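Structure, as structure tokens:
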Amino acid sequence: MVGRPRSTIVLSLVGVGLLVTGCGSTGDGSPSAPAPTAKRELPPGPLRELAAQANQIFDGGAEAFERRVTELRGHPIVVNQWASWCGPCRFEFPFFQRLADRYAGRAAFLGVNSQDSREAAQSFLEDFPVPYPHYFDPDADIARVFEGGRAWPTTAFYDARGELVQTRPGGYASQEDLDADIRRFALGG
């Protein structure tokens, strides 16, 4: 019976070690992204301006959105079309929270709140804060700019030249899937 308690202790230590190791990774061997509230100091420029506008909802329609895409030339852009009433949007929003922080300084993120009320959208952003601004799109006019507006959520990817390279209707099942598409379509790798 002396060996039994020792093996139990060893197994317990191994289990604790696995738990601790798992808590600091995303499953792909890379460290977990910091919480979306973590502030990174970005160099002056359009990405710093986006970070300063975190969680704000802007008007201006498709023209304002297209102007922003033009201003962001030189940086790849990930656009998330969402609505507060959309279950799959709620499911994937934490992926955008974490990955926008992970790619801060390397890619721009924009939200497009389509066919929703401003009050519901603002409440949603209070529950799910993200480090980037959003455009209010009650009629899905902005969404049509990037071939969205047919499914919620929709994600669009622009390359650093400001060219739309991919539009993906529907939600992401995992953060890893979204991360792979960001690297493939926005970052070109």
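Ligands are numbered from 1 in the order shown, residues from 1 within each chain, and chains are lettered A, B, ... in the order they appear in the structure tokens.
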Notebook entry, point to check: What's the 10 Å shell around A:Trp85, counting only C-alpha atoms, without same-chain residues fewer than 3 positions away, as a PyMOL selection string?
Noted result: chain A and resi 82+88-90+115-117+120-121+124+152
Next item on the list: Name the residues in contact with A:Ile142 at a cut-off of 8 Å, using only C-alpha atoms, excluding same-chain residues fewer than 2 positions from it; report them as a PyMOL selection string.
Entry: chain A and resi 61-62+65+112+137+140+144-146
Output file for the selection above: C-alpha atoms, as a PDB file, in the first residue's frame:
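Result saved to out13.pdb:
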ATOM      1  CA  GLY A  61     -22.954  54.644 -44.366  1.00  0.00           C
ATOM      2  CA  ALA A  62     -21.058  52.967 -47.163  1.00  0.00           C
ATOM      3  CA  PHE A  65     -16.789  52.776 -44.494  1.00  0.00           C
ATOM      4  CA  VAL A 112     -20.229  46.486 -39.154  1.00  0.00           C
ATOM      5  CA  ASP A 137     -25.549  49.708 -40.917  1.00  0.00           C
ATOM      6  CA  ALA A 140     -27.015  46.394 -44.723  1.00  0.00           C
ATOM      7  CA  ARG A 144     -23.048  44.935 -49.537  1.00  0.00           C
ATOM      8  CA  VAL A 145     -19.751  46.818 -50.145  1.00  0.00           C
ATOM      9  CA  PHE A 146     -17.875  43.656 -49.117  1.00  0.00           C
TER      10      PHE A 146
END
Item checked: Shell of 10 Å around A:Ile182, only C-alpha atoms, local chain residues under 2 positions omitted, as a list in words -> Pro76, Ile77, Val78, Leu99, Tyr103, Ala107, Thr155, Ala156, Phe157, Tyr158, Glu176, Asp177, Leu178, Asp179, Ala180, Arg184, Phe185, Ala186, Leu187, Gly188 and Gly189 of chain A
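From atom CA of A:Asp101 back to atom CA of A:Ala143, the distance works out to 23.4 Å.
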List every residue of stretch 93-112 of chain A that has an atom at most 10 Å from any atom of stretch 159-172 of chain A, and for each one report the closest atom pair and its distance in Å to one decimal, counting only C-alpha atoms, with rows sorted by chain and then by increasing residue number, as a tab-separated table.
residue	atom	partner	partner_atom	distance
A:Phe93	CA	A:Tyr172	CA	9.4
A:Phe95	CA	A:Tyr172	CA	8.6
A:Ala107	CA	A:Ala160	CA	8.6
A:Ala108	CA	A:Ala160	CA	9.6
